[in-house]
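Undergrad: This is the content of query.txt (compact mmCIF, C-alpha atoms):
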```
# COMPACT_ATOMS: atom_id res chain seq x y z
CA MET A 52 97.58 80.21 108.38
CA LEU A 53 96.56 83.42 106.58
CA GLU A 54 92.89 82.45 106.40
CA GLU A 55 92.86 81.62 110.08
CA ALA A 56 94.66 84.82 111.04
CA LEU A 57 92.26 86.94 109.00
CA GLU A 58 89.26 85.16 110.44
CA HIS A 59 90.54 85.81 113.96
CA LEU A 60 91.16 89.51 113.25
CA VAL A 61 87.69 90.00 111.76
CA ARG A 62 85.82 87.95 114.38
CA GLY A 63 87.25 90.13 117.11
CA ILE A 64 85.79 93.34 115.70
CA VAL A 65 82.29 92.37 114.51
CA GLU A 66 79.06 91.82 116.42
CA ASN A 67 78.12 88.59 114.66
CA SER A 68 81.38 86.71 114.98
CA ASP A 69 79.84 83.30 114.20
CA ASP A 70 78.86 84.60 110.77
CA VAL A 71 82.46 85.28 109.74
CA HIS A 72 83.78 82.90 107.11
CA VAL A 73 87.00 83.11 105.16
CA ARG A 74 87.60 81.17 101.99
CA ALA A 75 90.83 81.09 100.02
CA ARG A 76 90.89 80.90 96.25
CA ARG A 77 94.01 80.45 94.21
CA LEU A 78 94.96 82.94 91.55
CA ARG A 79 97.71 82.51 89.02
CA LYS A 80 99.85 85.08 90.76
CA GLY A 81 98.81 84.53 94.37
CA LYS A 82 95.57 84.13 96.23
CA VAL A 83 92.32 85.79 97.19
CA LEU A 84 90.91 85.60 100.68
CA GLU A 85 87.16 86.09 100.58
CA VAL A 86 85.81 87.26 103.91
CA ARG A 87 82.07 86.94 104.39
CA VAL A 88 80.41 88.76 107.24
CA HIS A 89 76.88 89.44 108.45
CA PRO A 90 75.34 92.28 106.38
CA ASP A 91 75.11 94.44 109.52
CA ASP A 92 78.88 94.10 110.02
CA LEU A 93 80.01 94.94 106.50
CA GLY A 94 80.26 98.65 107.27
CA LYS A 95 82.28 97.87 110.36
CA VAL A 96 84.91 95.76 108.57
CA ILE A 97 85.25 98.38 105.85
CA GLY A 98 85.34 101.34 108.23
CA ARG A 99 85.28 105.06 107.58
CA ASN A 100 86.94 105.72 104.23
CA GLY A 101 87.93 102.06 104.11
CA ARG A 102 90.29 102.47 107.07
CA THR A 103 89.51 99.13 108.66
CA ALA A 104 89.67 97.25 105.37
CA LYS A 105 93.06 98.85 104.77
CA ALA A 106 94.28 97.86 108.22
CA LEU A 107 93.20 94.25 107.64
CA ARG A 108 94.98 94.18 104.27
CA THR A 109 98.13 95.70 105.74
CA VAL A 110 98.38 93.06 108.48
CA VAL A 111 97.50 90.12 106.23
CA GLY A 112 99.86 91.37 103.51
CA SER A 113 102.69 91.51 106.01
CA LEU A 114 101.96 88.01 107.35
CA ALA A 115 101.99 86.76 103.76
CA GLY A 116 105.60 87.90 103.57
CA GLY A 117 105.66 89.41 100.12
CA ARG A 118 103.41 86.89 98.39
CA TYR A 119 100.46 88.46 96.60
CA VAL A 120 97.26 88.23 98.63
CA ARG A 121 94.05 90.03 97.83
CA VAL A 122 91.43 90.47 100.56
CA ASP A 123 87.80 90.77 99.47
CA LEU A 124 85.16 91.78 101.99
CA LEU A 125 81.70 90.48 101.21
CA ASP A 126 78.23 90.29 102.60
CA LEU A 127 77.37 86.77 103.80
CA HIS A 128 74.74 86.36 101.10
CA GLU A 129 76.69 87.79 98.22
CA VAL A 130 77.06 85.21 95.46
CA ARG A 131 80.11 85.02 93.27
CA MET B 149 77.00 102.80 107.95
CA SER B 150 77.73 101.36 111.33
CA ASN B 151 80.19 104.17 111.89
CA SER B 152 77.44 106.21 113.43
CA ASN B 153 77.72 103.94 116.47
CA THR B 154 81.38 104.67 116.75
CA GLU B 155 80.71 108.40 116.50
CA LYS B 156 78.25 108.28 119.38
CA ALA B 157 80.63 106.22 121.48
CA GLU B 158 83.38 108.74 120.79
CA ASP B 159 81.23 111.59 121.98
CA THR B 160 80.14 110.02 125.20
CA ALA B 161 82.90 107.59 126.12
CA GLY B 162 84.78 109.79 128.59
CA SER B 163 81.90 111.57 130.24
CA VAL B 164 79.74 108.48 130.75
CA ALA B 165 82.47 106.59 132.55
CA VAL B 166 83.09 109.54 134.84
CA ALA B 167 79.49 110.53 135.40
CA GLU B 168 78.12 107.11 136.21
CA VAL B 169 80.76 105.73 138.50
CA PRO B 170 82.25 108.64 140.41
CA GLU B 171 82.54 106.71 143.65
CA GLN B 172 83.67 103.34 142.44
CA ALA B 173 87.01 102.09 143.62
CA GLY B 174 88.40 102.01 140.11
CA ALA B 175 87.90 105.68 139.38
CA ASP B 176 90.28 108.05 141.11
CA GLU B 177 89.80 111.81 141.62
CA SER B 178 91.06 112.65 138.14
CA GLY B 179 88.26 110.54 136.66
CA LEU B 180 90.75 107.97 135.49
CA ASP B 181 89.26 104.51 135.68
CA ILE B 182 92.23 102.20 136.09
CA GLU B 183 90.07 99.09 136.17
CA ALA B 184 88.49 100.01 132.85
CA LEU B 185 91.94 100.55 131.33
CA GLU B 186 93.12 97.20 132.67
CA ARG B 187 90.07 95.58 131.16
CA GLU B 188 90.95 97.18 127.82
CA GLY B 189 94.42 95.71 128.17
CA ASP B 190 93.00 92.24 128.83
CA ILE B 191 90.77 92.31 125.77
CA ALA B 192 93.61 93.61 123.61
CA ALA B 193 96.01 90.99 124.95
CA ASP B 194 93.56 88.18 124.08
CA TYR B 195 93.13 89.55 120.58
CA ILE B 196 96.88 89.86 119.94
CA GLU B 197 97.71 86.56 121.63
CA GLY B 198 95.24 84.79 119.36
CA LEU B 199 97.05 86.22 116.36
CA LEU B 200 100.48 85.23 117.70
CA ASP B 201 99.25 81.66 118.23
CA ILE B 202 97.83 81.36 114.73
CA ALA B 203 100.90 82.87 113.08
CA ASP B 204 103.11 80.68 115.29
CA PHE B 205 105.07 83.67 116.57
CA ASP B 206 106.84 83.50 119.90
CA GLY B 207 106.52 86.52 122.09
CA ASP B 208 105.08 87.45 125.43
CA ILE B 209 102.56 90.13 126.17
CA ASP B 210 103.14 92.84 128.75
CA MET B 211 100.28 94.96 129.97
CA ASP B 212 100.52 98.33 131.62
CA VAL B 213 98.64 101.56 132.16
CA GLU B 214 100.63 104.54 130.95
CA GLY B 215 99.14 107.90 131.85
CA ASP B 216 95.51 107.72 130.78
CA ARG B 217 95.94 104.86 128.34
CA ALA B 218 96.17 101.11 128.41
CA MET B 219 99.47 99.90 126.97
CA VAL B 220 99.97 96.43 125.53
CA SER B 221 103.42 95.35 124.40
CA VAL B 222 104.52 92.26 122.55
CA VAL B 223 108.06 91.43 123.62
CA GLY B 224 110.67 88.86 122.66
CA ALA B 225 111.22 87.02 119.38
CA THR B 226 111.70 88.62 115.98
CA LEU B 227 108.50 90.39 115.17
CA ASP B 228 109.27 92.47 112.09
CA GLU B 229 106.10 91.17 110.38
CA LEU B 230 104.07 92.86 113.08
CA ILE B 231 105.91 96.18 112.79
CA GLY B 232 106.40 96.70 109.08
CA GLU B 233 108.09 99.47 107.21
CA LYS B 234 107.87 102.69 109.24
CA GLY B 235 105.62 100.85 111.69
CA GLU B 236 102.69 100.68 109.29
CA VAL B 237 101.73 97.14 110.29
CA LEU B 238 101.94 98.09 113.96
CA GLU B 239 99.61 101.06 113.33
CA ALA B 240 97.16 98.81 111.47
CA LEU B 241 97.24 96.21 114.22
CA GLN B 242 96.71 98.88 116.87
CA GLU B 243 93.71 100.18 114.99
CA LEU B 244 92.17 96.69 114.77
CA THR B 245 92.93 96.07 118.43
CA ARG B 246 91.15 99.29 119.43
CA LEU B 247 88.14 98.16 117.41
CA ALA B 248 88.19 94.81 119.21
CA VAL B 249 88.20 96.65 122.55
CA HIS B 250 85.38 98.90 121.36
CA ARG B 251 83.34 95.85 120.35
CA SER B 252 83.64 94.40 123.86
CA THR B 253 83.32 97.52 126.01
CA GLY B 254 81.22 99.83 123.84
CA ASN B 255 83.73 102.57 124.54
CA ARG B 256 86.21 104.03 122.15
CA SER B 257 89.72 103.02 123.15
CA ARG B 258 92.97 104.99 123.01
CA LEU B 259 95.00 101.90 123.80
CA MET B 260 98.62 101.85 122.69
CA LEU B 261 100.13 98.77 121.16
CA ASP B 262 103.86 98.25 120.95
CA VAL B 263 105.81 95.43 119.36
CA GLY B 264 109.44 94.64 120.06
CA GLY B 265 110.02 98.03 121.68
CA TYR B 266 109.44 99.77 118.35
CA ARG B 267 107.47 102.69 119.76
CA GLU B 268 109.90 103.18 122.60
CA SER B 269 112.94 103.49 120.33
CA ARG B 270 110.97 105.53 117.80
CA ARG B 271 109.92 107.85 120.59
CA LYS B 272 113.56 108.56 121.45
CA THR B 273 114.47 109.23 117.84
CA LEU B 274 111.48 111.52 117.35
CA SER B 275 112.16 113.46 120.55
CA ARG B 276 115.60 114.15 119.21
CA ILE B 277 114.21 115.18 115.80
CA GLY B 278 111.75 117.53 117.54
CA ALA B 279 114.44 119.07 119.74
CA GLU B 280 116.79 119.56 116.79
CA ALA B 281 114.07 121.15 114.65
CA ALA B 282 113.20 123.49 117.50
CA ALA B 283 116.85 124.50 117.88
CA GLU B 284 117.09 125.12 114.15
CA ALA B 285 113.91 127.21 114.00
CA LYS B 286 115.07 129.24 116.99
CA LYS B 287 118.41 129.93 115.35
CA SER B 288 117.16 130.68 111.81
CA GLY B 289 113.94 132.43 112.81
CA GLU B 290 112.15 130.54 110.04
CA VAL B 291 109.39 127.94 110.10
CA LYS B 292 110.73 124.40 109.90
CA PRO B 293 108.54 121.76 108.22
CA LEU B 294 109.32 118.12 108.95
CA ALA B 295 108.70 114.89 107.06
CA PRO B 296 105.21 113.27 107.07
CA MET B 297 104.53 111.24 110.21
CA THR B 298 101.85 109.15 111.85
CA PRO B 299 99.68 110.73 114.59
CA PHE B 300 101.73 109.00 117.28
CA GLU B 301 104.97 110.31 115.81
CA ARG B 302 103.66 113.86 115.47
CA LYS B 303 102.51 113.84 119.08
CA VAL B 304 106.02 112.95 120.27
CA VAL B 305 107.53 115.70 118.10
CA HIS B 306 105.00 118.30 119.30
CA ASP B 307 105.87 117.41 122.89
CA ALA B 308 109.61 117.77 122.23
CA VAL B 309 109.10 121.14 120.50
CA ALA B 310 106.91 122.37 123.37
CA ALA B 311 109.58 121.25 125.83
CA ALA B 312 112.04 123.47 123.92
CA GLY B 313 109.64 126.39 124.38
CA LEU B 314 108.46 126.67 120.78
CA ARG B 315 105.12 126.16 119.06
CA SER B 316 104.37 123.56 116.39
CA GLU B 317 101.38 122.62 114.29
CA SER B 318 100.36 119.78 112.01
CA GLU B 319 99.61 120.56 108.37
CA GLY B 320 98.54 118.59 105.30
CA GLU B 321 96.25 115.60 105.00
CA GLU B 322 96.77 112.03 106.21
CA PRO B 323 98.81 110.06 105.42
CA ASN B 324 101.08 112.96 104.48
CA ARG B 325 100.38 115.11 107.51
CA TYR B 326 103.52 116.68 108.91
CA VAL B 327 104.69 118.88 111.74
CA VAL B 328 105.72 122.47 111.20
CA VAL B 329 107.84 124.10 113.90
CA HIS B 330 107.35 127.83 114.35
CA PRO B 331 110.12 130.12 115.57
CA MET B 332 109.48 132.42 118.48
CA ASP B 333 107.63 135.55 117.33
```
Starting from the file, lay out its structure as C-alpha cells.
TA:
Amino acid sequence: MLEEALEHLVRGIVENSDDVHVRARRLRKGKVLEVRVHPDDLGKVIGRNGRTAKALRTVVGSLAGGRYVRVDLLDLHEVR
Amino acid sequence: MSNSNTEKAEDTAGSVAVAEVPEQAGADESGLDIEALEREGDIAADYIEGLLDIADFDGDIDMDVEGDRAMVSVVGATLDELIGEKGEVLEALQELTRLAVHRSTGNRSRLMLDVGGYRESRRKTLSRIGAEAAAEAKKSGEVKPLAPMTPFERKVVHDAVAAAGLRSESEGEEPNRYVVVHPMD
C-alpha cells in the first residue's frame, strides 16, 4: 500500500507522471522506498529547501503507522 | 531548479487571471474567479480521493469556496493518519495537494485542505488563544509572545488579536515562527 500511495502522491505533482516508479527494498529495521522520477522533475519532488521531499516523507511516515520507512528520491537513470 | 517556474507562476497568477478574463461569467467584479476555484477543488478532490482509495480509508470529500480560496474537506471515518500530531500530516498533504493543482492549472493555489474538521476546531481554539493573549497584553501593557505555530494558525491568531483592537506580528523562523501580541501604545 505504501508504495502505491507514494507513487500516487508523486505522479500528481510531476510533469512526466509515466516516468514515476517506486520500488521497495527491505532493511533490517524497516524499508526503503526508492522513488525514481524524470530528471526534469527531480527538483520538483525535492522542492525549495527540501520542502516537498519533507511533505512526502511526513505523509508516507504517517501512513506507515510508526514503522520505519525511508524515502529516497532519485533520478530515473541513477544506478544503485 | 524547477522552482523558478513556481516563482514565475506566483508572481503572475492573480493578475493574469484577472487581466485576461475580465468579462467571463466566472469572474465577478472583485476579480474572483469562482469557476477557477471550483476547478482547483476538483483537481484536489481527485488527488485526495486517489490516496483514500489506495490507503483503504473511508471518508467523503466536500468541496466549497470559502472567501477567495477553494476548500476541500475530508469528512467521516477516523482519519488521524491524515492529520498527525499538531496537524503536521494535514499541512504536508495540503502542500502536496496545492502542487498537484499547480501542475494541472499552471497557477499557484491557496487551496485549503481540512480533514475530520481539524482546522475548524483548531480555528476555534486559536481564536480563543488570540483573544486571551490580547486581553492579557492590554491589561499588563507588555508584549505577549505565543507558542510557535503554523502559518494557518498564526493567521487565525492575528485575526483574533486584530478583532480585539490590538496589533500582532510574527517573529522567528519557520518552523518555530510565533506570534507576538503588542499592547496598545
Undergrad: Taking into account only C-alpha atoms, which residue in the set A:Arg118, A:Arg108, A:His128, A:Arg76 is nearest to A:Asp91?
TA: A:His128
Undergrad: List as an NGL selection string: which residues have an atom within 12 Å of (105.3, 100.2, 110.5), counting only C-alpha atoms?
TA: (:A and (106 or 109-110 or 113)) or (:B and (227-242 or 261-264 or 266-267 or 270 or 297-298 or 300-301))
Undergrad: Tell me as an NGL selection string which residues belonging to chain A come within 7 Å of chain B, counting only C-alpha atoms.
TA: :A and (52 or 55-56 or 59 or 63-65 or 94-95 or 98-99 or 106 or 109-110 or 113-114)
Undergrad: I'd like the neighbourhood of A:Ala75 as an MDAnalysis selection string, where a residue qualifies if any of its atoms comes within 8 Å (using all atoms listed in the file), though same-chain residues fewer than 6 positions away should be ignored.
TA: chainID A and resid 54 82:85
Undergrad: Distance atom CA of A:Tyr119-atom CA of A:Gly81, one decimal place?
TA: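 These two atoms are separated by 4.8 Å.
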